[in-house]
Amino acid sequence: MAMWNPWRGCHRYSEGCRYCYVHKGDAKRGADTNIVVRTGNFYAPVEKDKKGKYKIKSDQIVYLCFYTDFLIEEADEWRQECWEMIRERSDLRFIFLTKRIERFMHCMPNDWNDGYDNVIVGCTIENQDRA
């Protein structure tokens with residue numbers, strides 16, 4: 001299992017965000033969750049060791065953007081580069097959850113078609129109104 005947070009920060013999107021662990025954790029650290037920024041591990045899936053081997057070993061599940069939302073608007077300029085890394089690392093399985101499923105078609109790469117075999121997308125539905 002690996003975690004990949006190419007950016008961090010989020011803003012409350014729905015009533016289900018009221019008790020979000022990201023906002024609580026950032027508040028304890030004095031960080032402003034509302035500011036979305038690229039992180040230092042943006043290139044984590046394609047980073048290699050001194051021998052030229054990927055640091056994230058094959059056949060792992062990579063939890064993507066579990067401290068933000070992969071489809072958040074502020075990350076639109078960075079997402080295409082993430083898709084390129086996801087394509088390169090077809091030996092990994094990436095999973096992300098989103099509350100912003102209505103942005104799905106806007107955020108998918110041009111070659112998405114029926115999806116990528118190594119990507120699992122989940123949508124958080126917190127109540128009947130949101131469904």
# chains A, B, ... in the order shown; residues from 1 in each chain; ligands from 1
>>> residues_around(residues="segment 66-76 of chain A", least_positions_apart="2", cutoff="12 Å", atoms="only C-alpha atoms", output="PDB file with N, CA and C atoms, in the first residue's frame")
ATOM      1  N   ALA A   2       0.490   2.209  -0.792  1.00  0.00           N
ATOM      2  CA  ALA A   2       1.208   3.478  -0.847  1.00  0.00           C
ATOM      3  C   ALA A   2       0.191   4.618  -0.859  1.00  0.00           C
ATOM      4  N   MET A   3       0.630   5.771  -0.382  1.00  0.00           N
ATOM      5  CA  MET A   3      -0.199   6.979  -0.430  1.00  0.00           C
ATOM      6  C   MET A   3       0.459   7.953  -1.396  1.00  0.00           C
ATOM      7  N   TRP A   4      -0.352   8.619  -2.198  1.00  0.00           N
ATOM      8  CA  TRP A   4       0.171   9.642  -3.112  1.00  0.00           C
ATOM      9  C   TRP A   4      -0.759  10.838  -3.036  1.00  0.00           C
ATOM     10  N   ASN A   5      -0.239  11.911  -2.504  1.00  0.00           N
ATOM     11  CA  ASN A   5      -0.966  13.171  -2.426  1.00  0.00           C
ATOM     12  C   ASN A   5      -0.192  14.205  -3.228  1.00  0.00           C
ATOM     13  N   PRO A   6      -0.443  14.300  -4.543  1.00  0.00           N
ATOM     14  CA  PRO A   6       0.298  15.243  -5.374  1.00  0.00           C
ATOM     15  C   PRO A   6       0.005  16.702  -5.018  1.00  0.00           C
ATOM     16  N   TRP A   7      -1.125  16.947  -4.393  1.00  0.00           N
ATOM     17  CA  TRP A   7      -1.449  18.271  -3.852  1.00  0.00           C
ATOM     18  C   TRP A   7      -2.179  18.054  -2.542  1.00  0.00           C
ATOM     19  N   ARG A   8      -2.269  19.124  -1.793  1.00  0.00           N
ATOM     20  CA  ARG A   8      -3.010  19.063  -0.545  1.00  0.00           C
ATOM     21  C   ARG A   8      -3.844  20.328  -0.421  1.00  0.00           C
ATOM     22  N   GLY A   9      -4.804  20.254   0.448  1.00  0.00           N
ATOM     23  CA  GLY A   9      -5.731  21.361   0.620  1.00  0.00           C
ATOM     24  C   GLY A   9      -7.078  21.013   0.014  1.00  0.00           C
ATOM     25  N   CYS A  10      -8.098  21.574   0.603  1.00  0.00           N
ATOM     26  CA  CYS A  10      -9.452  21.291   0.148  1.00  0.00           C
ATOM     27  C   CYS A  10     -10.358  22.353   0.749  1.00  0.00           C
ATOM     28  N   HIS A  11     -11.538  22.470   0.231  1.00  0.00           N
ATOM     29  CA  HIS A  11     -12.513  23.359   0.854  1.00  0.00           C
ATOM     30  C   HIS A  11     -13.802  22.576   1.032  1.00  0.00           C
ATOM     31  N   ARG A  12     -14.509  22.923   2.068  1.00  0.00           N
ATOM     32  CA  ARG A  12     -15.739  22.191   2.376  1.00  0.00           C
ATOM     33  C   ARG A  12     -16.683  22.285   1.183  1.00  0.00           C
ATOM     34  N   TYR A  13     -17.222  21.137   0.820  1.00  0.00           N
ATOM     35  CA  TYR A  13     -18.004  21.026  -0.403  1.00  0.00           C
ATOM     36  C   TYR A  13     -19.463  20.678  -0.137  1.00  0.00           C
ATOM     37  N   CYS A  17     -18.718  17.177   4.760  1.00  0.00           N
ATOM     38  CA  CYS A  17     -17.374  17.680   5.067  1.00  0.00           C
ATOM     39  C   CYS A  17     -17.271  18.253   6.478  1.00  0.00           C
ATOM     40  N   CYS A  20     -14.674  16.419   8.599  1.00  0.00           N
ATOM     41  CA  CYS A  20     -13.577  15.898   7.785  1.00  0.00           C
ATOM     42  C   CYS A  20     -12.262  15.814   8.577  1.00  0.00           C
ATOM     43  N   TYR A  21     -11.612  14.662   8.490  1.00  0.00           N
ATOM     44  CA  TYR A  21     -10.341  14.449   9.197  1.00  0.00           C
ATOM     45  C   TYR A  21      -9.235  15.357   8.660  1.00  0.00           C
ATOM     46  N   VAL A  22      -9.312  15.752   7.399  1.00  0.00           N
ATOM     47  CA  VAL A  22      -8.281  16.618   6.826  1.00  0.00           C
ATOM     48  C   VAL A  22      -8.336  17.996   7.494  1.00  0.00           C
ATOM     49  N   HIS A  23      -9.514  18.561   7.598  1.00  0.00           N
ATOM     50  CA  HIS A  23      -9.665  19.873   8.230  1.00  0.00           C
ATOM     51  C   HIS A  23      -9.263  19.825   9.698  1.00  0.00           C
ATOM     52  N   LYS A  24      -9.651  18.766  10.389  1.00  0.00           N
ATOM     53  CA  LYS A  24      -9.287  18.637  11.805  1.00  0.00           C
ATOM     54  C   LYS A  24      -7.773  18.535  11.973  1.00  0.00           C
ATOM     55  N   GLY A  25      -7.131  17.710  11.161  1.00  0.00           N
ATOM     56  CA  GLY A  25      -5.679  17.536  11.249  1.00  0.00           C
ATOM     57  C   GLY A  25      -4.929  18.811  10.936  1.00  0.00           C
ATOM     58  N   ASP A  26      -5.355  19.510   9.884  1.00  0.00           N
ATOM     59  CA  ASP A  26      -4.706  20.768   9.525  1.00  0.00           C
ATOM     60  C   ASP A  26      -4.889  21.814  10.618  1.00  0.00           C
ATOM     61  N   THR A  33      -6.369  24.606   5.402  1.00  0.00           N
ATOM     62  CA  THR A  33      -6.809  23.564   4.481  1.00  0.00           C
ATOM     63  C   THR A  33      -7.379  24.154   3.193  1.00  0.00           C
ATOM     64  N   ASN A  34      -7.889  25.367   3.246  1.00  0.00           N
ATOM     65  CA  ASN A  34      -8.538  25.968   2.084  1.00  0.00           C
ATOM     66  C   ASN A  34      -7.577  26.342   0.970  1.00  0.00           C
ATOM     67  N   ILE A  35      -6.286  26.314   1.245  1.00  0.00           N
ATOM     68  CA  ILE A  35      -5.290  26.649   0.218  1.00  0.00           C
ATOM     69  C   ILE A  35      -4.795  25.344  -0.409  1.00  0.00           C
ATOM     70  N   VAL A  36      -5.030  25.181  -1.703  1.00  0.00           N
ATOM     71  CA  VAL A  36      -4.621  23.974  -2.422  1.00  0.00           C
ATOM     72  C   VAL A  36      -3.251  24.226  -3.050  1.00  0.00           C
ATOM     73  N   VAL A  37      -2.279  23.386  -2.682  1.00  0.00           N
ATOM     74  CA  VAL A  37      -0.901  23.544  -3.177  1.00  0.00           C
ATOM     75  C   VAL A  37      -0.347  22.198  -3.625  1.00  0.00           C
ATOM     76  N   ARG A  38       0.539  22.259  -4.585  1.00  0.00           N
ATOM     77  CA  ARG A  38       1.255  21.066  -5.025  1.00  0.00           C
ATOM     78  C   ARG A  38       2.219  20.641  -3.932  1.00  0.00           C
ATOM     79  N   THR A  39       2.379  19.347  -3.737  1.00  0.00           N
ATOM     80  CA  THR A  39       3.250  18.862  -2.671  1.00  0.00           C
ATOM     81  C   THR A  39       4.625  18.471  -3.199  1.00  0.00           C
ATOM     82  N   PHE A  42       4.951  15.206  -5.489  1.00  0.00           N
ATOM     83  CA  PHE A  42       4.121  15.217  -6.697  1.00  0.00           C
ATOM     84  C   PHE A  42       4.510  14.087  -7.649  1.00  0.00           C
ATOM     85  N   VAL A  62      -2.274   2.189  -4.701  1.00  0.00           N
ATOM     86  CA  VAL A  62      -1.854   3.545  -4.366  1.00  0.00           C
ATOM     87  C   VAL A  62      -3.104   4.362  -4.061  1.00  0.00           C
ATOM     88  N   TYR A  63      -3.210   4.806  -2.813  1.00  0.00           N
ATOM     89  CA  TYR A  63      -4.328   5.638  -2.400  1.00  0.00           C
ATOM     90  C   TYR A  63      -4.020   7.072  -2.811  1.00  0.00           C
ATOM     91  N   LEU A  64      -4.784   7.573  -3.756  1.00  0.00           N
ATOM     92  CA  LEU A  64      -4.532   8.857  -4.407  1.00  0.00           C
ATOM     93  C   LEU A  64      -5.418   9.947  -3.829  1.00  0.00           C
ATOM     94  N   TRP A  78      -2.642  20.716 -12.800  1.00  0.00           N
ATOM     95  CA  TRP A  78      -1.665  19.664 -12.480  1.00  0.00           C
ATOM     96  C   TRP A  78      -2.146  18.262 -12.824  1.00  0.00           C
ATOM     97  N   ARG A  79      -3.460  18.090 -12.998  1.00  0.00           N
ATOM     98  CA  ARG A  79      -4.038  16.750 -13.111  1.00  0.00           C
ATOM     99  C   ARG A  79      -3.557  15.993 -14.339  1.00  0.00           C
ATOM    100  N   GLN A  80      -3.398  16.660 -15.469  1.00  0.00           N
ATOM    101  CA  GLN A  80      -2.959  15.959 -16.678  1.00  0.00           C
ATOM    102  C   GLN A  80      -1.604  15.281 -16.461  1.00  0.00           C
ATOM    103  N   GLU A  81      -0.713  15.944 -15.766  1.00  0.00           N
ATOM    104  CA  GLU A  81       0.591  15.347 -15.484  1.00  0.00           C
ATOM    105  C   GLU A  81       0.445  14.109 -14.593  1.00  0.00           C
ATOM    106  N   CYS A  82      -0.515  14.139 -13.695  1.00  0.00           N
ATOM    107  CA  CYS A  82      -0.789  12.957 -12.864  1.00  0.00           C
ATOM    108  C   CYS A  82      -1.294  11.807 -13.727  1.00  0.00           C
ATOM    109  N   TRP A  83      -2.181  12.104 -14.674  1.00  0.00           N
ATOM    110  CA  TRP A  83      -2.666  11.050 -15.572  1.00  0.00           C
ATOM    111  C   TRP A  83      -1.514  10.417 -16.349  1.00  0.00           C
ATOM    112  N   PHE A  94      -4.337   2.435  -8.819  1.00  0.00           N
ATOM    113  CA  PHE A  94      -4.625   3.711  -8.160  1.00  0.00           C
ATOM    114  C   PHE A  94      -6.105   3.753  -7.789  1.00  0.00           C
ATOM    115  N   ILE A  95      -6.391   4.258  -6.600  1.00  0.00           N
ATOM    116  CA  ILE A  95      -7.774   4.422  -6.170  1.00  0.00           C
ATOM    117  C   ILE A  95      -7.945   5.838  -5.626  1.00  0.00           C
ATOM    118  N   PHE A  96      -9.016   6.494  -6.088  1.00  0.00           N
ATOM    119  CA  PHE A  96      -9.342   7.789  -5.497  1.00  0.00           C
ATOM    120  C   PHE A  96     -10.839   7.886  -5.267  1.00  0.00           C
ATOM    121  N   LEU A  97     -11.183   8.642  -4.235  1.00  0.00           N
ATOM    122  CA  LEU A  97     -12.571   8.924  -3.888  1.00  0.00           C
ATOM    123  C   LEU A  97     -12.820  10.399  -4.138  1.00  0.00           C
ATOM    124  N   THR A  98     -14.044  10.741  -4.500  1.00  0.00           N
ATOM    125  CA  THR A  98     -14.367  12.140  -4.763  1.00  0.00           C
ATOM    126  C   THR A  98     -15.767  12.470  -4.282  1.00  0.00           C
ATOM    127  N   LYS A  99     -15.955  13.704  -3.879  1.00  0.00           N
ATOM    128  CA  LYS A  99     -17.281  14.257  -3.638  1.00  0.00           C
ATOM    129  C   LYS A  99     -17.717  15.074  -4.861  1.00  0.00           C
ATOM    130  N   ARG A 100     -16.802  15.309  -5.768  1.00  0.00           N
ATOM    131  CA  ARG A 100     -17.044  16.187  -6.914  1.00  0.00           C
ATOM    132  C   ARG A 100     -17.253  15.375  -8.195  1.00  0.00           C
ATOM    133  N   ILE A 101     -18.088  14.354  -8.129  1.00  0.00           N
ATOM    134  CA  ILE A 101     -18.259  13.443  -9.263  1.00  0.00           C
ATOM    135  C   ILE A 101     -18.815  14.155 -10.504  1.00  0.00           C
ATOM    136  N   GLU A 102     -19.519  15.259 -10.312  1.00  0.00           N
ATOM    137  CA  GLU A 102     -20.050  15.994 -11.471  1.00  0.00           C
ATOM    138  C   GLU A 102     -18.923  16.570 -12.336  1.00  0.00           C
ATOM    139  N   ARG A 103     -17.705  16.626 -11.824  1.00  0.00           N
ATOM    140  CA  ARG A 103     -16.548  17.130 -12.578  1.00  0.00           C
ATOM    141  C   ARG A 103     -15.811  16.000 -13.303  1.00  0.00           C
ATOM    142  N   PHE A 104     -16.263  14.785 -13.110  1.00  0.00           N
ATOM    143  CA  PHE A 104     -15.574  13.602 -13.620  1.00  0.00           C
ATOM    144  C   PHE A 104     -15.239  13.713 -15.111  1.00  0.00           C
ATOM    145  N   MET A 105     -16.220  13.966 -15.937  1.00  0.00           N
ATOM    146  CA  MET A 105     -15.971  14.010 -17.389  1.00  0.00           C
ATOM    147  C   MET A 105     -15.036  15.161 -17.777  1.00  0.00           C
ATOM    148  N   HIS A 106     -15.087  16.249 -17.059  1.00  0.00           N
ATOM    149  CA  HIS A 106     -14.212  17.391 -17.322  1.00  0.00           C
ATOM    150  C   HIS A 106     -12.751  17.078 -16.978  1.00  0.00           C
ATOM    151  N   CYS A 107     -12.545  16.187 -16.022  1.00  0.00           N
ATOM    152  CA  CYS A 107     -11.208  15.928 -15.488  1.00  0.00           C
ATOM    153  C   CYS A 107     -10.525  14.679 -16.050  1.00  0.00           C
ATOM    154  N   MET A 108     -11.233  13.899 -16.825  1.00  0.00           N
ATOM    155  CA  MET A 108     -10.650  12.674 -17.361  1.00  0.00           C
ATOM    156  C   MET A 108      -9.753  12.985 -18.558  1.00  0.00           C
ATOM    157  N   PRO A 109      -8.704  12.184 -18.756  1.00  0.00           N
ATOM    158  CA  PRO A 109      -7.820  12.406 -19.901  1.00  0.00           C
ATOM    159  C   PRO A 109      -8.523  12.032 -21.209  1.00  0.00           C
ATOM    160  N   VAL A 121     -12.292   4.423  -9.274  1.00  0.00           N
ATOM    161  CA  VAL A 121     -12.878   5.694  -8.872  1.00  0.00           C
ATOM    162  C   VAL A 121     -14.062   5.409  -7.959  1.00  0.00           C
ATOM    163  N   GLY A 122     -14.074   6.082  -6.816  1.00  0.00           N
ATOM    164  CA  GLY A 122     -15.202   5.966  -5.902  1.00  0.00           C
ATOM    165  C   GLY A 122     -15.808   7.327  -5.662  1.00  0.00           C
ATOM    166  N   CYS A 123     -17.115   7.360  -5.482  1.00  0.00           N
ATOM    167  CA  CYS A 123     -17.817   8.612  -5.225  1.00  0.00           C
ATOM    168  C   CYS A 123     -18.459   8.543  -3.854  1.00  0.00           C
ATOM    169  N   THR A 124     -18.210   9.552  -3.033  1.00  0.00           N
ATOM    170  CA  THR A 124     -18.791   9.627  -1.708  1.00  0.00           C
ATOM    171  C   THR A 124     -20.206  10.186  -1.808  1.00  0.00           C
TER     172      THR A 124
END
>>> select_by_dssp(residues="segment 25-117 of chain A", states="strand (DSSP E or B)", output="PyMOL selection string")
chain A and resi 37-38+48+54+61-64+93-98
>>> write_last_selection(atoms="C-alpha atoms", output="PDB file, in the first residue's frame")
ATOM      1  CA  VAL A  37      -0.901  23.544  -3.177  1.00  0.00           C
ATOM      2  CA  ARG A  38       1.255  21.066  -5.025  1.00  0.00           C
ATOM      3  CA  LYS A  48      13.455   5.971  -8.976  1.00  0.00           C
ATOM      4  CA  TYR A  54      10.822   2.678  -9.103  1.00  0.00           C
ATOM      5  CA  ILE A  61      -2.529  -0.176  -4.382  1.00  0.00           C
ATOM      6  CA  VAL A  62      -1.854   3.545  -4.366  1.00  0.00           C
ATOM      7  CA  TYR A  63      -4.328   5.638  -2.400  1.00  0.00           C
ATOM      8  CA  LEU A  64      -4.532   8.857  -4.407  1.00  0.00           C
ATOM      9  CA  ARG A  93      -3.530   0.158  -9.021  1.00  0.00           C
ATOM     10  CA  PHE A  94      -4.625   3.711  -8.160  1.00  0.00           C
ATOM     11  CA  ILE A  95      -7.774   4.422  -6.170  1.00  0.00           C
ATOM     12  CA  PHE A  96      -9.342   7.789  -5.497  1.00  0.00           C
ATOM     13  CA  LEU A  97     -12.571   8.924  -3.888  1.00  0.00           C
ATOM     14  CA  THR A  98     -14.367  12.140  -4.763  1.00  0.00           C
TER      15      THR A  98
END
>>> select_by_dssp(residues="segment 22-68 of chain A", states="alpha helix (DSSP H)", output="list in words")
Val22, His23, Lys24, Gly25, Asp26, Ala27, Lys28 and Arg29 of chain A
>>> atom_distance(atom1="atom CA of Gln60 of chain A", atom2="atom CA of Pro45 of chain A")
10.8 Å
>>> atom_distance(atom1="atom CA of Asp117 of chain A", atom2="atom CA of Ser90 of chain A")
7.9 Å
>>> atom_distance(atom1="atom CA of Ser58 of chain A", atom2="atom CA of Asp111 of chain A")
23.0 Å
